[in-house]
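Here is data-v5.cif, consisting of mmCIF, C-alpha atoms:
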```cif
data_coords
#
loop_
_atom_site.group_PDB
_atom_site.id
_atom_site.type_symbol
_atom_site.label_atom_id
_atom_site.label_comp_id
_atom_site.auth_asym_id
_atom_site.auth_seq_id
_atom_site.Cartn_x
_atom_site.Cartn_y
_atom_site.Cartn_z
ATOM 1 C CA MET A 1 7.720 -3.196 58.627
ATOM 2 C CA LYS A 2 7.550 -6.839 59.666
ATOM 3 C CA LEU A 3 6.900 -7.819 56.050
ATOM 4 C CA ARG A 4 9.965 -5.890 54.887
ATOM 5 C CA VAL A 5 12.167 -7.711 57.396
ATOM 6 C CA ILE A 6 10.810 -11.078 56.268
ATOM 7 C CA ILE A 7 11.356 -10.187 52.621
ATOM 8 C CA LEU A 8 14.902 -9.016 53.412
ATOM 9 C CA LEU A 9 15.685 -12.295 55.182
ATOM 10 C CA LEU A 10 14.207 -14.373 52.353
ATOM 11 C CA MET A 11 16.150 -12.406 49.733
ATOM 12 C CA THR A 12 19.373 -12.844 51.706
ATOM 13 C CA LEU A 13 18.814 -16.586 51.900
ATOM 14 C CA PHE A 14 17.840 -16.710 48.229
ATOM 15 C CA LEU A 15 20.874 -14.712 47.116
ATOM 16 C CA SER A 16 23.349 -16.680 49.201
ATOM 17 C CA GLY A 17 21.825 -20.156 48.855
ATOM 18 C CA CYS A 18 22.498 -20.786 45.183
ATOM 19 C CA VAL A 19 25.650 -18.810 44.555
ATOM 20 C CA GLY A 20 28.142 -21.562 45.380
ATOM 21 C CA VAL A 21 26.638 -24.153 43.049
ATOM 22 C CA SER A 22 25.224 -22.074 40.213
ATOM 23 C CA SER A 23 27.935 -19.529 39.518
ATOM 24 C CA LYS A 24 31.097 -21.354 40.567
ATOM 25 C CA GLY A 25 30.283 -25.021 40.350
ATOM 26 C CA ILE A 26 30.250 -27.452 43.249
ATOM 27 C CA PHE A 27 33.878 -26.876 44.254
ATOM 28 C CA GLY A 28 34.278 -23.346 42.856
ATOM 29 C CA THR A 29 33.508 -21.377 46.003
ATOM 30 C CA GLY A 30 36.148 -23.115 48.104
ATOM 31 C CA VAL A 31 38.693 -22.785 45.333
ATOM 32 C CA SER A 32 37.975 -19.080 44.819
ATOM 33 C CA VAL A 33 38.285 -18.457 48.589
ATOM 34 C CA ALA A 34 41.631 -20.274 48.665
ATOM 35 C CA LEU A 35 43.007 -18.371 45.664
ATOM 36 C CA ASP A 36 41.733 -14.927 46.703
ATOM 37 C CA PRO A 37 44.576 -12.708 47.981
ATOM 38 C CA ARG A 38 42.304 -11.080 50.610
ATOM 39 C CA SER A 39 42.218 -12.520 54.119
ATOM 40 C CA LEU A 40 39.294 -14.819 54.917
ATOM 41 C CA GLY A 41 37.859 -12.204 57.270
ATOM 42 C CA THR A 42 37.965 -9.525 54.576
ATOM 43 C CA GLN A 43 36.335 -11.902 52.079
ATOM 44 C CA ILE A 44 33.532 -12.595 54.549
ATOM 45 C CA ASP A 45 33.073 -8.878 55.323
ATOM 46 C CA ASP A 46 32.953 -8.063 51.602
ATOM 47 C CA SER A 47 30.481 -10.887 50.941
ATOM 48 C CA ILE A 48 28.198 -9.710 53.745
ATOM 49 C CA MET A 49 28.363 -6.127 52.447
ATOM 50 C CA GLN A 50 27.561 -7.284 48.903
ATOM 51 C CA LYS A 51 24.554 -9.342 50.009
ATOM 52 C CA ASN A 52 23.383 -6.446 52.200
ATOM 53 C CA ILE A 53 23.527 -4.026 49.253
ATOM 54 C CA SER A 54 21.771 -6.486 46.928
ATOM 55 C CA ALA A 55 18.963 -7.135 49.396
ATOM 56 C CA ARG A 56 18.478 -3.423 50.130
ATOM 57 C CA LEU A 57 18.405 -2.650 46.401
ATOM 58 C CA VAL A 58 15.665 -5.250 45.869
ATOM 59 C CA LEU A 59 13.702 -3.821 48.788
ATOM 60 C CA MET A 60 14.042 -0.358 47.268
ATOM 61 C CA ASP A 61 12.685 -1.632 43.929
ATOM 62 C CA GLY A 62 12.500 -5.204 42.624
ATOM 63 C CA LYS A 63 13.691 -4.206 39.147
ATOM 64 C CA TYR A 64 17.184 -3.546 40.542
ATOM 65 C CA PHE A 65 17.662 -7.297 41.079
ATOM 66 C CA LEU A 66 18.597 -7.676 37.396
ATOM 67 C CA SER A 67 19.532 -4.136 36.366
ATOM 68 C CA ILE A 68 22.187 -3.269 38.988
ATOM 69 C CA LYS A 69 25.380 -5.207 39.720
ATOM 70 C CA SER A 70 27.514 -4.607 42.781
ATOM 71 C CA LYS A 71 30.995 -5.793 43.655
ATOM 72 C CA VAL A 72 32.726 -5.253 46.986
ATOM 73 C CA LEU A 73 36.509 -5.467 47.319
ATOM 74 C CA ASP A 74 38.203 -4.585 50.602
ATOM 75 C CA GLY A 75 35.259 -2.409 51.673
ATOM 76 C CA ARG A 76 35.161 -0.571 48.349
ATOM 77 C CA ILE A 77 31.814 -0.803 46.547
ATOM 78 C CA PHE A 78 31.639 -0.817 42.734
ATOM 79 C CA LEU A 79 28.221 -0.331 41.107
ATOM 80 C CA THR A 80 27.311 -0.934 37.452
ATOM 81 C CA GLY A 81 24.068 -1.233 35.551
ATOM 82 C CA LYS A 82 21.306 0.930 34.136
ATOM 83 C CA VAL A 83 18.545 3.018 35.696
ATOM 84 C CA ASP A 84 15.702 5.106 34.247
ATOM 85 C CA ASP A 85 16.681 8.540 35.581
ATOM 86 C CA PRO A 86 19.502 10.386 37.397
ATOM 87 C CA GLU A 87 17.562 10.541 40.680
ATOM 88 C CA GLU A 88 17.595 6.730 40.918
ATOM 89 C CA LYS A 89 21.370 6.751 40.406
ATOM 90 C CA LEU A 90 21.776 9.193 43.302
ATOM 91 C CA GLN A 91 19.488 7.131 45.568
ATOM 92 C CA ILE A 92 21.496 3.975 44.858
ATOM 93 C CA THR A 93 24.767 5.804 45.550
ATOM 94 C CA LYS A 94 23.348 7.047 48.863
ATOM 95 C CA LEU A 95 22.224 3.516 49.745
ATOM 96 C CA ALA A 96 25.733 2.179 49.015
ATOM 97 C CA TRP A 97 27.373 4.838 51.209
ATOM 98 C CA GLU A 98 25.000 3.956 54.066
ATOM 99 C CA THR A 99 26.295 0.368 54.115
ATOM 100 C CA GLU A 100 28.179 -0.448 57.298
ATOM 101 C CA GLY A 101 31.941 -0.788 56.747
ATOM 102 C CA VAL A 102 32.072 0.948 53.354
ATOM 103 C CA ARG A 103 35.374 2.683 52.537
ATOM 104 C CA SER A 104 34.442 4.099 49.122
ATOM 105 C CA VAL A 105 31.790 3.873 46.394
ATOM 106 C CA LYS A 106 32.491 3.939 42.660
ATOM 107 C CA ASN A 107 29.241 4.413 40.766
ATOM 108 C CA ASP A 108 29.368 3.525 37.065
ATOM 109 C CA ILE A 109 25.586 3.213 36.724
ATOM 110 C CA LYS A 110 24.311 4.550 33.401
ATOM 111 C CA ILE A 111 20.984 6.147 32.523
ATOM 112 C CA LYS A 112 18.913 3.837 30.267
ATOM 113 C CA GLU A 113 18.546 4.466 26.599
ATOM 114 C CA LYS A 114 16.591 2.671 23.902
ATOM 115 C CA PHE A 115 17.673 -1.004 23.621
ATOM 116 C CA ASN A 116 20.150 -1.640 20.848
ATOM 117 C CA PHE A 117 20.630 -5.342 20.029
ATOM 118 C CA LYS A 118 23.726 -4.725 17.919
ATOM 119 C CA GLN A 119 25.407 -2.743 20.703
ATOM 120 C CA SER A 120 24.514 -5.339 23.336
ATOM 121 C CA ALA A 121 25.896 -8.157 21.184
ATOM 122 C CA LYS A 122 29.117 -6.193 20.619
ATOM 123 C CA ASP A 123 29.496 -5.581 24.369
ATOM 124 C CA ILE A 124 29.054 -9.303 25.099
ATOM 125 C CA LEU A 125 31.660 -10.132 22.451
ATOM 126 C CA ILE A 126 34.155 -7.654 23.933
ATOM 127 C CA THR A 127 33.637 -9.086 27.431
ATOM 128 C CA SER A 128 34.140 -12.638 26.124
ATOM 129 C CA GLN A 129 37.295 -11.682 24.240
ATOM 130 C CA LEU A 130 38.837 -10.058 27.306
ATOM 131 C CA ARG A 131 37.865 -12.954 29.585
ATOM 132 C CA THR A 132 39.516 -15.377 27.123
ATOM 133 C CA ALA A 133 42.650 -13.219 26.853
ATOM 134 C CA LEU A 134 42.990 -13.092 30.650
ATOM 135 C CA ILE A 135 42.553 -16.857 30.974
ATOM 136 C CA LEU A 136 45.139 -17.572 28.275
ATOM 137 C CA ASN A 137 47.728 -15.156 29.706
ATOM 138 C CA LYS A 138 49.686 -17.219 32.255
ATOM 139 C CA GLU A 139 50.978 -14.081 33.999
ATOM 140 C CA ILE A 140 47.425 -13.025 34.961
ATOM 141 C CA LYS A 141 45.265 -14.590 37.684
ATOM 142 C CA ALA A 142 42.002 -14.394 35.663
ATOM 143 C CA THR A 143 39.786 -15.531 38.547
ATOM 144 C CA ASN A 144 40.584 -12.302 40.419
ATOM 145 C CA TYR A 145 38.748 -10.110 37.891
ATOM 146 C CA GLN A 146 35.167 -9.202 37.078
ATOM 147 C CA ILE A 147 34.469 -7.671 33.654
ATOM 148 C CA ASP A 148 31.522 -5.584 32.478
ATOM 149 C CA THR A 149 31.212 -3.875 29.101
ATOM 150 C CA TYR A 150 28.824 -1.055 28.268
ATOM 151 C CA LYS A 151 28.859 0.816 24.953
ATOM 152 C CA LYS A 152 32.343 -0.445 24.078
ATOM 153 C CA LYS A 153 33.738 0.684 27.449
ATOM 154 C CA ILE A 154 35.257 -2.092 29.536
ATOM 155 C CA TYR A 155 34.946 -1.940 33.317
ATOM 156 C CA VAL A 156 37.445 -4.238 35.045
ATOM 157 C CA TYR A 157 37.250 -4.841 38.814
ATOM 158 C CA GLY A 158 39.611 -7.027 40.760
ATOM 159 C CA ILE A 159 42.795 -7.576 42.689
ATOM 160 C CA ALA A 160 46.191 -7.822 40.998
ATOM 161 C CA LEU A 161 49.069 -9.623 42.668
ATOM 162 C CA THR A 162 51.539 -7.027 41.329
ATOM 163 C CA SER A 163 51.488 -3.696 39.514
ATOM 164 C CA ASP A 164 52.863 -5.521 36.450
ATOM 165 C CA GLU A 165 49.803 -7.799 36.446
ATOM 166 C CA LYS A 166 47.546 -4.752 36.709
ATOM 167 C CA GLU A 167 49.217 -3.214 33.647
ATOM 168 C CA LEU A 168 48.944 -6.511 31.730
ATOM 169 C CA VAL A 169 45.190 -6.654 32.389
ATOM 170 C CA ILE A 170 44.703 -3.044 31.256
ATOM 171 C CA ASN A 171 46.806 -3.618 28.132
ATOM 172 C CA GLU A 172 44.888 -6.816 27.271
ATOM 173 C CA ALA A 173 41.653 -4.802 27.505
ATOM 174 C CA LYS A 174 43.002 -1.962 25.345
ATOM 175 C CA ASP A 175 44.171 -4.435 22.672
ATOM 176 C CA ILE A 176 40.641 -5.682 21.967
ATOM 177 C CA LEU A 177 39.168 -4.419 18.704
ATOM 178 C CA ASP A 178 36.545 -1.630 18.944
ATOM 179 C CA VAL A 179 37.154 -0.843 22.628
ATOM 180 C CA GLU A 180 36.715 2.874 23.206
ATOM 181 C CA ASP A 181 37.816 3.083 26.842
ATOM 182 C CA VAL A 182 39.025 0.926 29.719
ATOM 183 C CA ILE A 183 37.935 1.860 33.227
ATOM 184 C CA ALA A 184 40.041 -0.198 35.598
ATOM 185 C CA SER A 185 39.269 -0.428 39.302
ATOM 186 C CA ILE A 186 42.049 -2.846 40.102
ATOM 187 C CA LEU A 187 43.563 -2.985 43.564
ATOM 188 C CA ILE A 188 47.050 -4.332 44.189
ATOM 189 C CA VAL A 189 47.455 -6.913 46.957
ATOM 190 C CA ASP A 190 49.871 -4.630 48.826
ATOM 191 C CA ASP A 191 47.135 -1.945 49.007
ATOM 192 C CA LEU A 192 44.634 -4.198 50.820
ATOM 193 C CA ARG A 193 43.959 -3.467 54.488
ATOM 194 C CA ILE A 194 44.437 -7.063 55.572
ATOM 195 C CA GLN A 195 46.239 -9.622 53.439
ATOM 196 C CA LYS A 196 46.640 -13.368 53.608
ATOM 197 C CA ASN A 197 49.868 -14.506 55.197
#
```
Mind turning this structure into structure tokens?
Amino acid sequence: MKLRVIILLLMTLFLSGCVGVSSKGIFGTGVSVALDPRSLGTQIDDSIMQKNISARLVLMDGKYFLSIKSKVLDGRIFLTGKVDDPEEKLQITKLAWETEGVRSVKNDIKIKEKFNFKQSAKDILITSQLRTALILNKEIKATNYQIDTYKKKIYVYGIALTSDEKELVINEAKDILDVEDVIASILIVDDLRIQKN
């Protein structure tokens, strides 16, 4: 038990220590906090929940570190990735629901299939095309969205400033060639529990 606690603490430090520099750049974290429509308290709560889920997933099985992605927005947990069998998917869903402060869990975890290089390359291309379209569209705050693509289905998570922006994001995703479906989990700022003033 003591070893598990030590591992959990080390993983939490590991996961939080490099995020600011590696994924956002030296100034990126402060900028993303300032531009995020959620209150600072909500951002902190969501960040703590996300790190908690990530650490507990790694403790459950180390392979989840790379195979499962989680995103927390306003207490809502979004899960994506791939697992070997349906039982694992249910265990991960249960783990997410057991997280303190969770309001809802959306589980888009898929069951693994044989690796297909062509399909993976196509999914990466679709994600890149949508990310570029969002950045180039001046009416969309691109930094508020996370994009995942799996088997030509785009999963978009984020916070829109208005319902018009939400529709623009969904339409940009639908306009990309070869996209079969768009699953949008986009909250509108007015729907958040606590907003910035």
For the atom pair CA of Asn171 (chain A) and CA of Phe115 (chain A), what is the interatomic distance in Å to one decimal place? 29.6 Å
Could you please determine the separation between CA of Thr149 (chain A) and CA of Thr80 (chain A) in Å, to one decimal place? 9.7 Å
Since I can't run it myself right now, could you work out what the PyMOL selection byres ((chain A and resi 49) around 9) selects here and report it as a PyMOL selection string? chain A and resi 44-48+50-54+72+75+77+99-102
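Candidate residues A:Ile186, A:Leu95, A:Thr42, A:Leu125 were compared for distance to Leu57 (chain A), and the nearest is A:Leu95, using all atoms listed in the file.
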Given the point (44.1, -14.0, 40.5) in the coordinates of this file, which residues lie within 12 Å, counting only C-alpha atoms, and how would they look as a PyMOL selection string? chain A and resi 31-38+134-135+137-146+157-162+165-166+169+186-189
I'd like to see the residues matched by the PyMOL selection byres ((chain A and resi 128) around 12) on this file, and ideally I'd get them as a VMD selection string. chain A and resid 121 to 127 129 to 135 146 to 149 154 173 176
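Separating CA of Asp84 (chain A) from CA of Ile109 (chain A) is a distance of 10.4 Å.
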Could you check the closest approach to Gln119 (chain A) for each of A:Leu168, A:Asp178, A:Leu79, A:Lys94 and tell me which residue wins, using all atoms listed in the file?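 Comparing A:Leu168, A:Asp178, A:Leu79, A:Lys94 against Gln119 (chain A), the winner is A:Asp178.
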Taking all atoms of region 133-149 of chain A that the file lists and extending 8 Å past them on each side, where is the centre of the axis-aligned box and how long are its edges? Answer in Å to one decimal, as lines of an AutoDock Vina configuration file.
```
center_x = 41.1
center_y = -10.7
center_z = 33.6
size_x = 35.8
size_y = 29.7
size_z = 29.6
```
Quick one: residues within 10 Å of Tyr64 (chain A), only C-alpha atoms, excluding same-chain residues fewer than 6 positions away - as a list in words?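 In the requested format, the answer is Ser54, Ala55, Arg56, Leu57, Val58, Gly81, Lys82, Val83 and Ile92 of chain A.
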Mind telling me what the PyMOL selection byres ((chain A and resi 86) around 10) catches here, as a VMD selection string? chain A and resid 83 to 85 87 to 91 109 to 112
